[in-house]
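S.K.: What follows is upload-v8.cif, mmCIF, C-alpha atoms.
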```
data_upload
loop_
_atom_site.label_atom_id
_atom_site.label_comp_id
_atom_site.auth_asym_id
_atom_site.auth_seq_id
_atom_site.Cartn_x
_atom_site.Cartn_y
_atom_site.Cartn_z
CA MET Y 924 -29.96 122.09 150.50
CA GLU Y 925 -27.66 123.29 147.68
CA ILE Y 926 -25.52 120.48 146.22
CA LEU Y 927 -22.61 122.73 145.15
CA PRO Y 928 -22.28 126.50 145.13
CA VAL Y 929 -23.29 127.76 141.70
CA ARG Y 930 -20.08 129.72 141.22
CA ARG Y 931 -17.82 126.78 142.09
CA LEU Y 932 -19.74 124.44 139.77
CA ALA Y 933 -19.61 126.93 136.91
CA ILE Y 934 -15.86 127.42 137.32
CA ALA Y 935 -15.30 123.62 137.34
CA GLY Y 936 -17.33 123.22 134.16
CA MET Y 937 -15.42 126.00 132.40
CA LEU Y 938 -12.08 124.46 133.42
CA LEU Y 939 -13.12 121.06 132.07
CA PHE Y 940 -14.22 122.61 128.79
CA ILE Y 941 -10.90 124.46 128.46
CA SER Y 942 -9.04 121.20 129.20
CA ALA Y 943 -11.03 119.41 126.51
CA CYS Y 944 -10.06 122.02 123.96
CA ALA Y 945 -6.41 121.90 125.03
CA VAL Y 946 -5.98 118.14 124.51
CA SER Y 947 -7.80 117.70 121.23
CA PRO Y 948 -5.46 118.66 118.39
CA ALA Y 949 -6.39 116.88 115.16
CA SER Y 950 -2.93 115.29 114.87
CA VAL Y 951 -3.13 113.40 118.17
CA LEU Y 952 -3.11 109.60 117.81
CA LYS Y 953 -5.72 107.64 119.70
CA GLY Y 954 -5.28 104.49 121.74
CA GLN Y 955 -6.55 101.01 120.90
CA GLY Y 956 -6.19 97.52 122.33
CA SER Y 957 -4.62 95.91 125.37
CA TRP Y 958 -1.68 93.64 126.21
CA SER Y 959 -1.05 90.50 128.25
CA SER Y 960 2.49 89.38 129.09
CA PHE Y 961 3.61 85.88 130.07
CA GLN Y 962 6.80 83.97 130.67
CA HIS Y 963 7.57 80.55 129.25
CA ASP Y 964 10.53 78.26 128.81
CA GLU Y 965 11.75 79.17 125.36
CA ASN Y 966 15.42 78.85 126.28
CA SER Y 967 15.99 82.52 125.35
CA ARG Y 968 16.05 81.72 121.66
CA SER Y 969 15.59 84.39 119.01
CA GLY Y 970 15.16 84.47 115.25
CA GLU Y 971 12.87 81.45 115.44
CA ALA Y 972 10.49 80.36 112.69
CA ALA Y 973 6.78 80.40 113.48
CA VAL Y 974 3.60 79.37 111.66
CA VAL Y 975 -0.06 79.02 112.58
CA MET Y 976 -1.24 75.47 111.99
CA HIS Y 977 -4.72 74.47 110.79
CA ASP Y 978 -6.00 73.93 114.32
CA GLY Y 979 -4.98 77.46 115.35
CA ARG Y 980 -1.94 76.45 117.38
CA VAL Y 981 1.41 78.13 116.74
CA LEU Y 982 4.48 76.07 115.89
CA LEU Y 983 7.83 77.63 116.87
CA LEU Y 984 11.11 76.01 115.90
CA GLY Y 985 14.76 76.67 115.20
CA GLY Y 986 16.45 79.95 116.01
CA ASN Y 987 19.58 80.76 118.00
CA LEU Y 988 20.48 80.55 121.67
CA ARG Y 989 22.30 83.39 123.38
CA ASN Y 990 25.61 81.79 122.42
CA GLY Y 991 24.67 81.93 118.74
CA ARG Y 992 24.22 78.17 118.31
CA PRO Y 993 21.18 76.95 116.30
CA VAL Y 994 18.66 74.88 118.25
CA ALA Y 995 16.56 71.85 117.38
CA THR Y 996 13.86 72.36 120.01
CA VAL Y 997 10.22 72.72 118.99
CA GLU Y 998 7.43 74.39 120.95
CA ILE Y 999 3.69 74.73 120.38
CA TYR Y 1000 1.52 77.53 121.73
CA ASP Y 1001 -2.19 76.87 122.16
CA PRO Y 1002 -4.02 80.24 122.14
CA HIS Y 1003 -7.31 78.61 123.15
CA HIS Y 1004 -5.88 77.48 126.50
CA ALA Y 1005 -2.94 79.94 126.73
CA THR Y 1006 -0.52 77.05 127.22
CA TRP Y 1007 2.89 76.05 125.84
CA SER Y 1008 4.04 72.51 125.20
CA THR Y 1009 7.18 70.95 123.78
CA ALA Y 1010 7.22 68.69 120.75
CA THR Y 1011 9.78 66.27 119.39
CA ASP Y 1012 13.03 68.01 118.49
CA MET Y 1013 13.86 68.60 114.83
CA PRO Y 1014 16.25 66.02 113.38
CA VAL Y 1015 18.73 68.87 112.76
CA ALA Y 1016 19.51 71.98 114.81
CA VAL Y 1017 18.89 74.67 112.21
CA ASN Y 1018 18.32 78.41 111.96
CA PHE Y 1019 16.39 80.34 109.27
CA PRO Y 1020 14.77 77.38 107.49
CA SER Y 1021 11.62 77.81 105.44
CA VAL Y 1022 8.47 76.59 107.20
CA THR Y 1023 5.28 75.91 105.22
CA VAL Y 1024 1.93 74.52 106.36
CA MET Y 1025 0.77 72.18 103.61
CA ALA Y 1026 -2.79 71.45 102.49
CA ASP Y 1027 -3.09 68.34 104.68
CA GLY Y 1028 -1.98 70.24 107.81
CA ARG Y 1029 1.54 68.84 107.95
CA VAL Y 1030 4.47 71.28 108.08
CA LEU Y 1031 7.40 71.24 105.64
CA VAL Y 1032 10.71 72.51 107.08
CA ALA Y 1033 13.53 72.89 104.58
CA GLY Y 1034 17.07 74.26 104.46
CA GLY Y 1035 18.54 76.74 106.89
CA TRP Y 1036 21.89 77.31 108.58
CA VAL Y 1037 23.65 74.68 110.68
CA LEU Y 1038 26.82 74.95 112.71
CA LYS Y 1039 29.80 72.90 111.52
CA ALA Y 1040 33.26 73.36 113.02
CA ASN Y 1041 32.17 76.72 114.47
CA THR Y 1042 31.11 77.88 111.00
CA VAL Y 1043 27.52 78.32 109.80
CA VAL Y 1044 26.76 76.64 106.49
CA PRO Y 1045 23.49 76.22 104.54
CA VAL Y 1046 21.95 72.76 104.11
CA ASN Y 1047 19.51 71.15 101.70
CA THR Y 1048 17.77 68.88 104.22
CA ALA Y 1049 13.97 68.71 104.37
CA PHE Y 1050 11.65 67.26 107.01
CA ILE Y 1051 7.90 67.08 107.57
CA PHE Y 1052 6.29 67.60 110.98
CA ASP Y 1053 2.96 65.89 111.65
CA PRO Y 1054 1.04 67.85 114.32
CA ALA Y 1055 -1.32 64.91 114.89
CA SER Y 1056 1.46 62.53 115.97
CA GLY Y 1057 4.10 65.11 116.90
CA SER Y 1058 6.66 63.19 114.83
CA TRP Y 1059 9.16 64.13 112.11
CA THR Y 1060 9.68 62.40 108.77
CA LYS Y 1061 12.72 62.91 106.57
CA VAL Y 1062 12.01 63.53 102.88
CA ALA Y 1063 14.23 63.97 99.86
CA PRO Y 1064 16.70 66.87 100.12
CA MET Y 1065 16.37 70.02 98.07
CA THR Y 1066 18.33 70.28 94.84
CA GLN Y 1067 20.44 73.05 96.38
CA SER Y 1068 21.54 74.05 99.87
CA ARG Y 1069 20.01 77.34 100.94
CA SER Y 1070 18.92 79.40 103.93
CA MET Y 1071 16.57 82.38 104.44
CA GLN Y 1072 14.64 81.32 101.32
CA SER Y 1073 11.02 82.16 100.54
CA ALA Y 1074 8.46 79.35 100.57
CA VAL Y 1075 4.74 79.33 99.76
CA LEU Y 1076 2.00 76.78 99.25
CA LEU Y 1077 0.81 76.66 95.64
CA ARG Y 1078 -2.85 76.22 94.71
CA ASP Y 1079 -2.22 72.64 93.57
CA GLY Y 1080 -0.77 71.62 96.96
CA ARG Y 1081 2.89 71.76 96.00
CA VAL Y 1082 5.39 74.05 97.75
CA LEU Y 1083 7.55 76.63 95.95
CA VAL Y 1084 10.93 77.47 97.51
CA ALA Y 1085 12.73 80.41 95.92
CA GLY Y 1086 15.98 82.26 96.45
CA GLY Y 1087 17.70 82.43 99.78
CA ALA Y 1088 21.40 82.53 100.48
CA ASN Y 1089 24.29 80.13 100.13
CA ALA Y 1090 27.55 80.40 102.02
CA SER Y 1091 28.50 83.75 100.49
CA THR Y 1092 25.63 85.52 98.73
CA GLU Y 1093 21.95 85.51 97.76
CA ILE Y 1094 20.84 83.11 95.00
CA THR Y 1095 18.29 83.05 92.16
CA SER Y 1096 17.39 79.35 91.97
CA SER Y 1097 13.96 78.00 92.87
CA GLU Y 1098 12.45 74.54 93.22
CA ILE Y 1099 9.15 72.85 93.97
CA PHE Y 1100 8.30 70.12 96.50
CA ASN Y 1101 5.57 67.62 95.67
CA PRO Y 1102 4.08 66.13 98.87
CA ALA Y 1103 2.51 63.30 96.87
CA THR Y 1104 5.93 61.97 95.85
CA GLY Y 1105 8.05 63.48 98.61
CA LYS Y 1106 10.51 64.78 96.01
CA TRP Y 1107 11.81 68.11 94.67
CA MET Y 1108 12.06 69.36 91.10
CA LYS Y 1109 13.99 72.34 89.79
CA ALA Y 1110 12.01 75.39 88.69
CA ALA Y 1111 12.98 78.41 86.63
CA ASN Y 1112 15.44 80.85 88.20
CA MET Y 1113 14.16 84.16 89.56
CA PRO Y 1114 15.03 87.30 87.54
CA VAL Y 1115 17.19 88.52 90.46
CA ASP Y 1116 18.78 86.99 93.55
CA ARG Y 1117 16.92 87.45 96.85
CA GLY Y 1118 17.26 86.37 100.46
CA SER Y 1119 14.58 86.79 103.16
CA ALA Y 1120 12.14 87.87 100.46
CA LEU Y 1121 8.36 87.99 100.90
CA ALA Y 1122 6.26 85.55 98.86
CA ILE Y 1123 2.47 85.56 98.50
CA THR Y 1124 0.29 83.11 96.55
CA LEU Y 1125 -2.32 85.08 94.61
CA PRO Y 1126 -5.93 84.02 93.96
CA ASP Y 1127 -5.10 83.16 90.34
CA GLY Y 1128 -2.32 80.77 91.45
CA ARG Y 1129 0.66 82.95 90.60
CA VAL Y 1130 3.23 83.88 93.26
CA PHE Y 1131 4.20 87.46 94.08
CA VAL Y 1132 7.78 87.88 95.40
CA THR Y 1133 9.22 91.15 96.69
CA GLY Y 1134 11.60 92.71 99.22
CA GLY Y 1135 14.42 90.95 101.00
CA PHE Y 1136 18.16 91.30 100.53
CA SER Y 1137 19.73 91.32 97.06
CA SER Y 1138 23.01 92.13 95.36
CA ALA Y 1139 20.88 94.43 93.19
CA GLY Y 1140 20.09 96.62 96.21
CA SER Y 1141 16.45 97.44 95.52
CA PRO Y 1142 15.24 95.18 92.69
CA PRO Y 1143 11.67 95.21 91.32
CA SER Y 1144 9.14 92.59 92.40
CA SER Y 1145 8.60 89.36 90.48
CA LEU Y 1146 5.68 87.09 89.54
CA TYR Y 1147 5.99 83.31 89.15
CA ASP Y 1148 3.52 81.37 87.00
CA PRO Y 1149 3.54 77.69 88.09
CA GLY Y 1150 1.66 76.58 84.97
CA ALA Y 1151 4.24 78.09 82.62
CA ASN Y 1152 7.17 77.67 85.04
CA ALA Y 1153 8.17 81.23 84.22
CA TRP Y 1154 9.02 84.45 86.06
CA SER Y 1155 8.14 88.01 85.05
CA THR Y 1156 9.13 91.40 86.44
CA LEU Y 1157 6.76 94.06 87.82
CA LYS Y 1158 7.10 97.85 88.01
CA PHE Y 1159 6.88 97.78 91.78
CA PRO Y 1160 8.03 99.09 94.20
CA PRO Y 1161 9.05 102.58 93.06
CA THR Y 1162 12.69 102.81 92.02
CA GLY Y 1163 15.02 102.99 94.99
CA TYR Y 1164 12.54 101.49 97.48
CA VAL Y 1165 12.50 98.10 99.23
CA VAL Y 1166 9.40 96.38 100.62
CA SER Y 1167 9.80 95.33 104.25
CA SER Y 1168 6.37 93.72 104.73
CA ALA Y 1169 3.58 92.75 102.34
CA PHE Y 1170 0.17 91.09 102.64
CA LEU Y 1171 -2.77 90.21 100.38
CA ASN Y 1172 -5.92 92.01 101.50
CA ARG Y 1173 -9.51 90.96 100.88
CA ALA Y 1174 -9.72 93.17 97.80
CA GLY Y 1175 -6.86 91.27 96.15
CA GLN Y 1176 -4.39 94.13 96.60
CA ILE Y 1177 -0.90 93.98 98.08
CA VAL Y 1178 -0.60 96.17 101.18
CA GLY Y 1179 2.36 96.72 103.46
CA PHE Y 1180 5.34 98.95 104.22
CA MET Y 1181 8.40 99.98 102.24
CA HIS Y 1182 11.43 102.21 102.75
CA GLN Y 1183 14.12 103.86 100.70
CA TYR Y 1184 17.05 101.54 100.11
CA GLN Y 1185 20.21 102.32 102.04
CA ALA Y 1186 23.36 100.28 101.70
CA PRO Y 1187 24.89 99.21 105.01
CA PRO Y 1188 27.61 101.63 106.18
CA ASN Y 1189 31.23 100.48 106.08
CA GLY Y 1190 31.39 96.95 107.44
CA GLU Y 1191 28.12 97.24 109.38
CA SER Y 1192 25.29 94.77 108.94
CA VAL Y 1193 22.46 97.18 109.76
CA PRO Y 1194 21.97 100.50 107.93
CA ALA Y 1195 20.81 103.72 109.52
CA PRO Y 1196 17.13 103.93 110.53
CA VAL Y 1197 14.63 104.71 107.77
CA ASP Y 1198 11.10 106.06 107.45
CA LEU Y 1199 8.48 103.36 106.86
CA ILE Y 1200 5.97 104.26 104.18
CA PRO Y 1201 2.67 102.36 103.81
CA PHE Y 1202 1.52 101.35 100.33
CA VAL Y 1203 -1.35 99.75 98.44
CA PHE Y 1204 -0.34 98.04 95.18
CA ASP Y 1205 -3.08 97.06 92.73
CA LEU Y 1206 -1.89 94.08 90.70
CA GLN Y 1207 -4.60 94.53 88.07
CA THR Y 1208 -3.82 98.15 87.21
CA GLY Y 1209 -0.18 98.27 88.31
CA VAL Y 1210 -0.92 101.44 90.30
CA THR Y 1211 0.83 102.03 93.63
CA ARG Y 1212 -0.72 104.33 96.23
CA THR Y 1213 1.53 105.45 99.06
CA GLY Y 1214 0.38 106.75 102.41
CA THR Y 1215 1.65 108.96 105.21
CA ALA Y 1216 4.99 107.83 106.65
CA MET Y 1217 4.93 106.24 110.09
CA PRO Y 1218 4.87 109.06 112.66
CA GLY Y 1219 7.37 109.40 115.47
CA GLY Y 1220 10.59 109.14 113.54
CA PRO Y 1221 12.52 106.45 111.63
CA SER Y 1222 12.64 102.75 112.40
CA VAL Y 1223 15.31 100.06 112.08
CA THR Y 1224 12.87 97.14 112.07
CA ALA Y 1225 12.79 97.07 108.26
CA PHE Y 1226 16.16 95.35 108.29
CA GLY Y 1227 15.23 92.30 110.34
CA PRO Y 1228 13.89 89.19 108.59
CA SER Y 1229 11.28 90.59 106.24
CA GLY Y 1230 7.69 90.65 107.39
CA ARG Y 1231 8.38 89.73 111.02
CA ASP Y 1232 7.63 93.20 112.41
CA ALA Y 1233 4.15 93.69 110.89
CA VAL Y 1234 0.86 91.83 110.46
CA LEU Y 1235 -2.39 92.40 108.56
CA MET Y 1236 -5.26 92.62 111.06
CA LEU Y 1237 -8.69 91.12 110.45
CA ASP Y 1238 -10.18 94.59 110.02
CA GLY Y 1239 -7.74 95.41 107.19
CA LYS Y 1240 -5.42 97.60 109.25
CA LEU Y 1241 -1.67 97.04 109.33
CA LEU Y 1242 0.03 96.64 112.69
CA ASN Y 1243 3.71 97.59 112.91
CA PHE Y 1244 5.97 97.04 115.92
CA ASP Y 1245 9.15 99.15 115.87
CA GLY Y 1246 10.62 97.46 118.93
CA ILE Y 1247 9.07 99.92 121.39
CA ARG Y 1248 5.79 101.22 120.01
CA VAL Y 1249 2.88 99.52 118.30
CA LEU Y 1250 1.15 101.54 115.59
CA LEU Y 1251 -1.84 100.72 113.41
CA TYR Y 1252 -2.24 102.01 109.86
CA ASP Y 1253 -5.61 102.17 108.09
CA PRO Y 1254 -5.08 101.98 104.28
CA VAL Y 1255 -8.64 103.15 103.62
CA GLY Y 1256 -8.47 106.36 105.65
CA ASN Y 1257 -4.69 106.80 105.28
CA ASN Y 1258 -4.31 107.43 109.00
CA TRP Y 1259 -2.28 106.07 111.90
CA THR Y 1260 -3.36 105.21 115.42
CA VAL Y 1261 -1.18 104.22 118.34
CA ALA Y 1262 -1.77 101.34 120.72
CA PRO Y 1263 -0.41 100.99 124.24
CA SER Y 1264 3.23 99.86 124.17
CA PRO Y 1265 3.72 96.18 125.03
CA PRO Y 1266 5.67 95.07 128.09
CA PRO Y 1267 9.42 94.78 127.33
CA ILE Y 1268 10.46 91.63 125.48
CA SER Y 1269 14.02 90.39 125.87
CA GLY Y 1270 15.22 89.41 122.42
CA ILE Y 1271 18.52 89.04 120.63
CA PHE Y 1272 17.74 89.37 116.94
CA GLY Y 1273 14.27 90.80 117.36
CA PRO Y 1274 10.73 89.70 118.14
CA THR Y 1275 8.47 87.66 115.88
CA LEU Y 1276 4.88 88.78 115.21
CA ILE Y 1277 2.28 86.08 114.51
CA MET Y 1278 -1.34 86.76 113.57
CA LEU Y 1279 -3.63 84.31 115.39
CA GLN Y 1280 -6.90 83.03 113.95
CA ASP Y 1281 -8.98 84.92 116.52
CA GLY Y 1282 -7.49 88.31 115.55
CA ARG Y 1283 -4.98 88.62 118.38
CA VAL Y 1284 -1.26 89.09 117.72
CA LEU Y 1285 1.45 87.02 119.38
CA ILE Y 1286 4.86 88.67 119.83
CA THR Y 1287 7.53 86.28 120.98
CA SER Y 1288 11.28 86.30 121.56
CA GLY Y 1289 13.56 85.45 124.43
CA ASP Y 1290 11.94 84.25 127.65
CA TYR Y 1291 8.66 86.13 127.30
CA PHE Y 1292 5.72 86.45 124.95
CA ASP Y 1293 3.07 89.14 124.67
CA LEU Y 1294 -0.46 89.00 123.32
CA PHE Y 1295 -2.10 92.04 121.73
CA ASP Y 1296 -5.89 92.10 121.69
CA PRO Y 1297 -7.18 94.83 119.33
CA ASN Y 1298 -10.56 94.69 121.07
CA GLY Y 1299 -9.17 94.64 124.59
CA VAL Y 1300 -10.10 97.15 127.26
CA ILE Y 1301 -7.29 99.25 128.71
CA VAL Y 1302 -7.11 98.80 132.48
CA GLY Y 1303 -5.85 101.88 134.30
CA PRO Y 1304 -4.37 105.02 132.72
CA SER Y 1305 -2.82 104.63 129.30
CA PRO Y 1306 -0.33 107.05 127.75
CA ALA Y 1307 -2.09 106.44 124.43
CA PHE Y 1308 -5.36 107.79 125.91
CA ILE Y 1309 -3.95 110.97 127.41
CA GLY Y 1310 -4.29 113.72 124.83
CA SER Y 1311 -6.55 111.62 122.63
CA PRO Y 1312 -9.82 112.65 120.96
CA GLU Y 1313 -11.68 110.21 123.26
CA LEU Y 1314 -10.45 112.04 126.35
CA SER Y 1315 -11.43 115.37 124.80
CA TRP Y 1316 -14.89 114.04 123.96
CA TRP Y 1317 -15.54 112.80 127.49
CA LEU Y 1318 -14.28 116.04 129.06
CA THR Y 1319 -16.55 118.00 126.76
CA VAL Y 1320 -19.57 115.87 127.69
CA ILE Y 1321 -18.85 116.21 131.41
CA ALA Y 1322 -18.33 119.96 131.09
CA ALA Y 1323 -21.58 120.35 129.16
CA LEU Y 1324 -23.52 118.37 131.78
CA MET Y 1325 -22.06 120.47 134.57
CA ILE Y 1326 -22.94 123.71 132.77
CA VAL Y 1327 -26.51 122.43 132.22
CA LEU Y 1328 -26.71 121.54 135.90
CA VAL Y 1329 -25.51 125.06 136.80
CA GLY Y 1330 -28.21 126.59 134.62
CA ALA Y 1331 -30.90 124.35 136.05
CA GLN Y 1332 -29.78 125.09 139.58
CA TYR Y 1333 -29.75 128.83 138.87
CA ALA Y 1334 -33.23 128.69 137.31
CA TRP Y 1335 -34.52 126.77 140.27
CA SER Y 1336 -33.11 129.32 142.69
CA ARG Y 1337 -34.81 132.18 140.77
CA ARG Y 1338 -38.24 130.57 140.63
CA PRO Y 1339 -41.15 132.62 142.13
CA GLN Y 1340 -41.82 131.74 145.72
CA ARG Y 1341 -45.36 131.02 146.80
CA ALA Y 1342 -46.74 133.11 149.65
CA THR Y 1343 -47.37 131.11 152.78
#
```
Since I need it in another form, could you write the structure as structure tokens?
M.R.:
Amino acid sequence: MEILPVRRLAIAGMLLFISACAVSPASVLKGQGSWSSFQHDENSRSGEAAVVMHDGRVLLLGGNLRNGRPVATVEIYDPHHATWSTATDMPVAVNFPSVTVMADGRVLVAGGWVLKANTVVPVNTAFIFDPASGSWTKVAPMTQSRSMQSAVLLRDGRVLVAGGANASTEITSSEIFNPATGKWMKAANMPVDRGSALAITLPDGRVFVTGGFSSAGSPPSSLYDPGANAWSTLKFPPTGYVVSSAFLNRAGQIVGFMHQYQAPPNGESVPAPVDLIPFVFDLQTGVTRTGTAMPGGPSVTAFGPSGRDAVLMLDGKLLNFDGIRVLLYDPVGNNWTVAPSPPPISGIFGPTLIMLQDGRVLITSGDYFDLFDPNGVIVGPSPAFIGSPELSWWLTVIAALMIVLVGAQYAWSRRPQRAT
């Protein structure tokens, strides 16, 4: 008995082949990864600080409530068990402090904004959180009140805090905390004032500082040498550009995204959207290689707290979240791919992206948090898969198999019949 009429099968195979050709333009972005969405009691805060501790758990603290008041609550997310827990409140309700995981696993929280008489003012307070006991210890205050400063762990175990903002503008001062003594010492001033800047400790012990807000608009990046207690200026980024996210890759290069500087329009705090441009900066040669701008139009995420909207994945790709879409950039191939969009996240100032130790990405803000698994399997139809090269490939394979089946069926029907 004939399985399918030859003509009908041939027509179906031809239609599948035509469909495969129609959905396989070279410019189509392919899908990758999957999402999980959960609700937890985060009190609808936004603009919180977040760090991954040595044991892989995520510490979230500070931020603002919906009424704009800073909060002192502390939460811990355990990615191994997918659970949230509360920890002892911070001694001070603060927003935009610096948070640094020190060599012994304790967490240094310094500075930030507090609310006094309905006015936000920077403070110089500093506290240490011990994840083992869940307790806070007050240490000596910084030499200067500041908020939105950069902070990094130095190779010798000390913590560098640089720049930030005072009550009216960005500042240039920097200082170093010594956990052995619990005290601060002044360090050399940065070449230019910066707030919300990105700071990276390099393999040789120096500190790379770039991006952020500055009275200079789009200043060049700086290097700090702890041994000499001196700053130097680099010829990066290109003139007129500002770095919005930066990471140190395994090759020792700085990778991330930048955009052309635009001053905020009259009285507005957020400029017009800009095109994000990926880059690879080689510190040894001083050469900057730029890539293809993020597809799909401009983004406004570059003007949130620097570095919160992007992460460096374990495979070397850069993940960027523009508030709606998630895109992945491969610096090696200079190409973009698109992942399924995450479930909506209710946030005030914007979501926070945290790279977990197992390669997943936590996006949190408001009452919900999402987890992106780059190796996850998409369940059900995905808009990122429709029109992708994978779909074209599968349609082509199916069409080819059907055409082969048609030919085999036709050959079988034409075989010589034995006389009975």
S.K.: Which residues would end up in the selection if the PyMOL selection byres ((chain Y and resi 1238) around 10) were applied here, given that I need the answer as a ChimeraX atom specification?
M.R.: /Y:1172-1173,1235-1237,1239-1241,1253,1282,1297
S.K.: Mind pulling up the distance from CA of Val1022 (chain Y) to CA of Ala972 (chain Y)?
M.R.: 7.0 Å
S.K.: Run the PyMOL selection byres ((chain Y and resi 1078-1081) around 12) against the file shown and list the residues it catches, as a PyMOL selection string.
M.R.: chain Y and resi 1023-1029+1031+1074-1077+1082-1084+1098-1108+1123-1130+1148-1150
S.K.: Hey, can you check how far CA of Arg980 (chain Y) sits from CA of Gly1135 (chain Y)?
M.R.: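 Result for CA of Arg980 (chain Y) versus CA of Gly1135 (chain Y): 27.3 Å, one decimal.
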S.K.: Could you tell me how far CA of Thr1095 (chain Y) sits from CA of Tyr1147 (chain Y), in Å to one decimal place?
M.R.: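 Separation between CA of Tyr1147 (chain Y) and CA of Thr1095 (chain Y): 12.7 Å.
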S.K.: Between Y:Gly970, Y:Val975, Y:Ala1055, Y:Asn1089, which one has atoms that come closest to Val1017 (chain Y), using all atoms listed in the file?
M.R.: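 Counting all atoms listed in the file, the residue closest to Val1017 (chain Y) is Y:Gly970.
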S.K.: Return the single residue from Y:Leu1038, Y:Leu1285, Y:Ala1153, Y:Ala1169 that is closest to Gly986 (chain Y), with distances computed using all atoms listed in the file.
M.R.: Y:Leu1038
S.K.: Just want the 10 Å neighbourhood of Ile1200 (chain Y), counted on all atoms listed in the file, with same-chain residues fewer than 4 positions away dropped. Output as a list in words.
M.R.: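 So the residues in contact are Tyr1164, Val1166, Ser1167, Gly1179, Phe1180, Met1181, His1182, Gln1183, Thr1213, Gly1214, Thr1215, Ala1216, Met1217 and Pro1218 of chain Y.
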S.K.: Write out as a PyMOL selection string each polymer residue whose atoms come within 12 Å of region 1139-1146 of chain Y, counting only C-alpha atoms; drop sequence neighbours fewer than 5 positions from it.
M.R.: chain Y and resi 1085-1086+1092-1095+1111-1118+1120-1125+1127-1134+1151-1167+1169+1177+1181-1187+1204+1206+1209
S.K.: Once the PyMOL selection byres ((chain Y and resi 1250) around 8) has been evaluated on this model, what residues remain selected, and can you format them as a list in words?
M.R.: Leu1242, Asn1243, Phe1244, Arg1248, Val1249, Leu1251, Tyr1252, Trp1259, Thr1260, Val1261 and Ala1262 of chain Y
S.K.: Which is closest to Phe1170 (chain Y) among Y:Pro1196, Y:Pro1265, Y:Pro1201, Y:Pro1274, if we use only C-alpha atoms?
M.R.: Y:Pro1201
S.K.: Quick one: what's the axis-aligned box for region 1110-1129 of chain Y, all listed atoms, 3 Å on every side, centre and edges in Å to one decimal, as lines of an AutoDock Vina configuration file?
M.R.:
```
center_x = 6.4
center_y = 82.0
center_z = 94.9
size_x = 30.7
size_y = 19.1
size_z = 22.5
```
S.K.: Which residue gives the smallest distance to Ala973 (chain Y) among Y:Leu1294, Y:Leu1276, Y:Ile1051, Y:Ala1174, with all atoms listed in the file counted?
M.R.: Y:Leu1276
S.K.: Neighbouring residues of Arg1069 (chain Y) were defined as those with any atom within 8 Å, considering all atoms listed in the file; residues of the same chain fewer than 5 positions away were excluded. Please report them as a PyMOL selection string.
M.R.: chain Y and resi 1034-1036+1045-1047+1086-1089
S.K.: Give as a list in words the set of residues within 10 Å of the point (-0.8, 71.5, 115.2), where distances use the file's coordinates and all atoms listed in the file.
M.R.: Val974, Val975, Met976, His977, Asp978, Gly979, Arg980, Val981, Leu982, Ile999, Tyr1000, Asp1001, Val1024, Gly1028, Arg1029, Val1030, Phe1052, Asp1053, Pro1054, Ala1055, Ser1056 and Gly1057 of chain Y
S.K.: I need the residue nearest Ser1058 (chain Y) from this list: Y:Pro1014, Y:Pro1263, Y:Gly1256, Y:Pro1002. Use all atoms listed in the file for the distance.
M.R.: Y:Pro1014
S.K.: I'd like the contact shell of Ser959 (chain Y) - 9 Å cut-off, only C-alpha atoms, skipping same-chain residues fewer than 2 positions apart - returned as a list in words.
M.R.: Ser957, Phe961, Pro1265, Pro1266, Phe1292, Asp1293, Leu1294, Phe1295 and Asp1296 of chain Y
